[in-house]
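Q: Starting off with a structure, shown below.
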Amino acid sequence: MTILYNSSLQKATFFLTGFQGLEDLHGWISIPFCFIYLTVIVGNLTILHIIRTDVTLHEPMYYFLAMLALTDLGLCLSTLPTVLGIFWFDAREIGILPCFTQLFFIHTLSLVESSVLLAMSIDRYVAICNPLRYSSVLTPGRIVKMGLSSVLRSALLILPLPFLLNHFQYCRSHVLAHAYCLHLEIMKLACSSIMVNHIYGLFVVACTVGMDSLLIFLSYALILHTVLSIASRQERLRALNTCVSHMCAVLLFYIPMIGLSLVHRFGEHLPHMVHLLMSYVYLLVPPLMNPIVYSIKTKQIRQRIAKKFESIKSLRCFQ
């Protein structure tokens, strides 16, 4: 294919890619993706509904969980149209404005998720290390400010990227390697120097994911120090058990991110399928698994979901 330009605006039109060489099987491949997207949407909406309707869950820990579910839902919906569009309708062409809009939401929501995970670690730190001040430190007003600052920080840091990309001329192959738009991929298609984008991208990662991961590690080091000072073994286990769900969410977010970074950095010799699968794992596994983990490992959420199912069954029996 050759690059396409809008004659009046001189803007590139990009082409997204599904599973190369398996185009005839896209209909079948779409089935597990539909199941994943449906599970993500239903799972996260269920978490949000449970927290909204149950007054006993109107506590800081569950407010942060609601933020995580909302972020995961947004991240899922930002990739759904183009991914399923390729599998169902072979809709590969995407204009520069929708592409940059999708890019903005994918990267912004990824950074928001990192910020929410940090906020959740602060919640666990205060609950375990300073329980008497828990309600006075994590007030509703402060939780709202933490949520808004996470969104604002992420959006302001990602906002320059589409404008930087918009000034490039794209003279190389305009075929993207994934079914959605990412900054790193589009940047590599530019003819001019991309040094500014490289430096700014590293700055954004260092200020957000790098700083967040460091603070999460520090909070858990302090939590572990506090827990080990508790005399009762049963109390130590009970304190650590309240952190299991969050630790799983942290691992589900950072392990695929690190794996994807290593594949991009050192895996040039690897088949394209590996790059493709790693990118899907990074974007889809955390939104898919977070509701499942919290539903299984958090007793209050598990009990409320079970109660909802029981009430639905009882309603059906009366009909």
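Residues in the structure tokens are numbered from 1 in each chain, the chains being A, B, ... in the order shown, and ligands are numbered from 1 in the order shown.
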Quick one: everything within 8 Å of A:Tyr37, counting only C-alpha atoms, minus sequence neighbours fewer than 2 positions away in the same chain. Send it as a ChimeraX atom specification.
A: /A:33-35,39-41,76,80,288
Q: Would you list the contacts of stretch 124-136 of chain A as a list in words, taking every protein, DNA or RNA residue within 9 Å and counting only C-alpha atoms, but skipping same-chain residues closer than 4 positions in sequence?
A: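 Here the answer would be Glu59, Pro60, Met61, Ala119, Met120, Ser219, Tyr220, Leu222, Ile223, Thr226, Val227, Ala239, Leu240, Thr242, Cys243 and His246 of chain A.
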Q: Near A:Leu77, within 10 Å and counting only C-alpha atoms, which residues show up once chain neighbours fewer than 2 positions away are dropped, as a PyMOL selection string?
A: chain A and resi 37+40-41+71-75+79-82+102+105-106
Q: Name the closest residue to A:His49 among the candidates A:Leu65, A:Ala91, A:Ile36, A:Met257; distances are taken between atoms, counting only C-alpha atoms.
A: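 The answer is A:Leu65, which sits nearest to A:His49.
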Q: Would you tabulate, counting only C-alpha atoms, all residues of stretch 19-119 of chain A that have an atom at most 12 Å from an atom of stretch 303-315 of chain A, showing the closest pair of atoms and their distance in Å to one decimal, sorted by chain then ascending number, as JSON lines?
A:
{"residue": "A:Gly43", "atom": "CA", "partner": "A:Ile305", "partner_atom": "CA", "distance": 10.7}
{"residue": "A:Leu45", "atom": "CA", "partner": "A:Ile305", "partner_atom": "CA", "distance": 11.9}
{"residue": "A:Thr46", "atom": "CA", "partner": "A:Ile305", "partner_atom": "CA", "distance": 8.1}
{"residue": "A:Ile47", "atom": "CA", "partner": "A:Ile305", "partner_atom": "CA", "distance": 8.6}
{"residue": "A:Leu48", "atom": "CA", "partner": "A:Ile305", "partner_atom": "CA", "distance": 11.4}
{"residue": "A:His49", "atom": "CA", "partner": "A:Ile305", "partner_atom": "CA", "distance": 9.9}
{"residue": "A:Ile50", "atom": "CA", "partner": "A:Arg304", "partner_atom": "CA", "distance": 6.8}
{"residue": "A:Ile51", "atom": "CA", "partner": "A:Arg304", "partner_atom": "CA", "distance": 9.1}
{"residue": "A:Arg52", "atom": "CA", "partner": "A:Arg304", "partner_atom": "CA", "distance": 11.6}
{"residue": "A:Thr53", "atom": "CA", "partner": "A:Arg304", "partner_atom": "CA", "distance": 10.1}
{"residue": "A:Asp54", "atom": "CA", "partner": "A:Arg304", "partner_atom": "CA", "distance": 8.1}
{"residue": "A:Val55", "atom": "CA", "partner": "A:Arg304", "partner_atom": "CA", "distance": 11.3}
{"residue": "A:Thr56", "atom": "CA", "partner": "A:Arg304", "partner_atom": "CA", "distance": 10.3}
{"residue": "A:Leu57", "atom": "CA", "partner": "A:Arg304", "partner_atom": "CA", "distance": 9.7}
Q: Write the residues of the preceding selection, restricted to N, CA, C and O atoms, as a PDB file, in the first residue's frame.
A:
ATOM      1  N   GLY A  43     -18.287  -7.234  34.211  1.00  0.00           N
ATOM      2  CA  GLY A  43     -17.578  -7.330  35.495  1.00  0.00           C
ATOM      3  C   GLY A  43     -17.382  -5.984  36.154  1.00  0.00           C
ATOM      4  O   GLY A  43     -17.683  -5.806  37.346  1.00  0.00           O
ATOM      5  N   LEU A  45     -18.960  -3.090  35.440  1.00  0.00           N
ATOM      6  CA  LEU A  45     -20.255  -2.474  35.747  1.00  0.00           C
ATOM      7  C   LEU A  45     -20.873  -3.081  37.002  1.00  0.00           C
ATOM      8  O   LEU A  45     -21.525  -2.379  37.793  1.00  0.00           O
ATOM      9  N   THR A  46     -20.657  -4.382  37.200  1.00  0.00           N
ATOM     10  CA  THR A  46     -21.161  -5.045  38.408  1.00  0.00           C
ATOM     11  C   THR A  46     -20.495  -4.478  39.652  1.00  0.00           C
ATOM     12  O   THR A  46     -21.166  -4.180  40.655  1.00  0.00           O
ATOM     13  N   ILE A  47     -19.169  -4.317  39.598  1.00  0.00           N
ATOM     14  CA  ILE A  47     -18.431  -3.730  40.723  1.00  0.00           C
ATOM     15  C   ILE A  47     -18.957  -2.327  41.020  1.00  0.00           C
ATOM     16  O   ILE A  47     -19.226  -1.972  42.180  1.00  0.00           O
ATOM     17  N   LEU A  48     -19.135  -1.519  39.973  1.00  0.00           N
ATOM     18  CA  LEU A  48     -19.629  -0.148  40.152  1.00  0.00           C
ATOM     19  C   LEU A  48     -21.046  -0.147  40.733  1.00  0.00           C
ATOM     20  O   LEU A  48     -21.362   0.657  41.621  1.00  0.00           O
ATOM     21  N   HIS A  49     -21.893  -1.047  40.253  1.00  0.00           N
ATOM     22  CA  HIS A  49     -23.278  -1.119  40.739  1.00  0.00           C
ATOM     23  C   HIS A  49     -23.324  -1.540  42.203  1.00  0.00           C
ATOM     24  O   HIS A  49     -24.073  -0.952  43.006  1.00  0.00           O
ATOM     25  N   ILE A  50     -22.526  -2.535  42.561  1.00  0.00           N
ATOM     26  CA  ILE A  50     -22.494  -3.025  43.945  1.00  0.00           C
ATOM     27  C   ILE A  50     -22.061  -1.909  44.891  1.00  0.00           C
ATOM     28  O   ILE A  50     -22.675  -1.681  45.943  1.00  0.00           O
ATOM     29  N   ILE A  51     -21.011  -1.188  44.523  1.00  0.00           N
ATOM     30  CA  ILE A  51     -20.489  -0.127  45.387  1.00  0.00           C
ATOM     31  C   ILE A  51     -21.478   1.037  45.472  1.00  0.00           C
ATOM     32  O   ILE A  51     -21.671   1.628  46.544  1.00  0.00           O
ATOM     33  N   ARG A  52     -22.128   1.362  44.365  1.00  0.00           N
ATOM     34  CA  ARG A  52     -23.064   2.500  44.359  1.00  0.00           C
ATOM     35  C   ARG A  52     -24.320   2.218  45.191  1.00  0.00           C
ATOM     36  O   ARG A  52     -24.825   3.094  45.884  1.00  0.00           O
ATOM     37  N   THR A  53     -24.816   0.994  45.115  1.00  0.00           N
ATOM     38  CA  THR A  53     -26.110   0.683  45.741  1.00  0.00           C
ATOM     39  C   THR A  53     -26.000   0.214  47.184  1.00  0.00           C
ATOM     40  O   THR A  53     -26.984   0.261  47.916  1.00  0.00           O
ATOM     41  N   ASP A  54     -24.831  -0.240  47.604  1.00  0.00           N
ATOM     42  CA  ASP A  54     -24.667  -0.745  48.977  1.00  0.00           C
ATOM     43  C   ASP A  54     -24.004   0.334  49.844  1.00  0.00           C
ATOM     44  O   ASP A  54     -22.826   0.643  49.675  1.00  0.00           O
ATOM     45  N   VAL A  55     -24.760   0.881  50.779  1.00  0.00           N
ATOM     46  CA  VAL A  55     -24.268   1.979  51.625  1.00  0.00           C
ATOM     47  C   VAL A  55     -23.091   1.538  52.487  1.00  0.00           C
ATOM     48  O   VAL A  55     -22.201   2.337  52.791  1.00  0.00           O
ATOM     49  N   THR A  56     -23.062   0.272  52.873  1.00  0.00           N
ATOM     50  CA  THR A  56     -21.977  -0.219  53.740  1.00  0.00           C
ATOM     51  C   THR A  56     -20.624  -0.222  53.022  1.00  0.00           C
ATOM     52  O   THR A  56     -19.585  -0.321  53.671  1.00  0.00           O
ATOM     53  N   LEU A  57     -20.650  -0.118  51.700  1.00  0.00           N
ATOM     54  CA  LEU A  57     -19.404  -0.091  50.929  1.00  0.00           C
ATOM     55  C   LEU A  57     -18.973   1.332  50.564  1.00  0.00           C
ATOM     56  O   LEU A  57     -18.043   1.509  49.782  1.00  0.00           O
TER      57      LEU A  57
END
Q: Need the shell around A:His178: protein/DNA/RNA residues with any atom at most 7 Å away, counting only C-alpha atoms. Skip same-chain ones fewer than 5 positions apart. Format as a PyMOL selection string?
A: chain A and resi 16-18+276
Q: Might you pull out every residue within 9 Å of A:Asn44, with only C-alpha atoms counted and same-chain residues fewer than 6 positions away left off, and present them as a VMD selection string?
A: chain A and resid 66 68 to 70 72 to 73 287 to 288 290 to 291
Q: Can you list every residue in stretch 104-317 of chain A that DSSP puts in helix (DSSP H, G or I), as a ChimeraX atom specification?
A: /A:104-129,131-137,140-158,160-166,183-188,195-228,233-241,244-266,272-297,299-317
Q: Name the residues in contact with A:Thr108 at a cut-off of 7 Å, using only C-alpha atoms, excluding same-chain residues fewer than 6 positions from it; report them as a compact mmCIF listing (two decimals) with C-alpha atoms, in the first residue's frame.
A:
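File produced: around.txt:
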# COMPACT_ATOMS: atom_id res chain seq x y z
CA SER A 154 -2.55 12.10 33.17
CA ALA A 155 -4.56 14.16 30.67
CA ILE A 158 -0.59 13.09 27.38
Q: When distances are computed from only C-alpha atoms, which of A:Lys299, A:His269, A:Arg153, A:Arg238 shows the smallest separation from A:Cys207?
A: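 Between A:Lys299, A:His269, A:Arg153, A:Arg238, the residue approaching A:Cys207 most closely is A:Arg153.
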Q: Please provide the set of residues having any atom within 10 Å of A:His26, restricted to only C-alpha atoms, with same-chain residues fewer than 2 positions apart removed, written as a ChimeraX atom specification.
A: /A:18-24,28-31,84,86-90
Q: Report, in Å with one decimal, the straight-line distance from atom CA of A:Phe64 to atom CA of A:Glu235.
A: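 So the answer is 24.1 Å.
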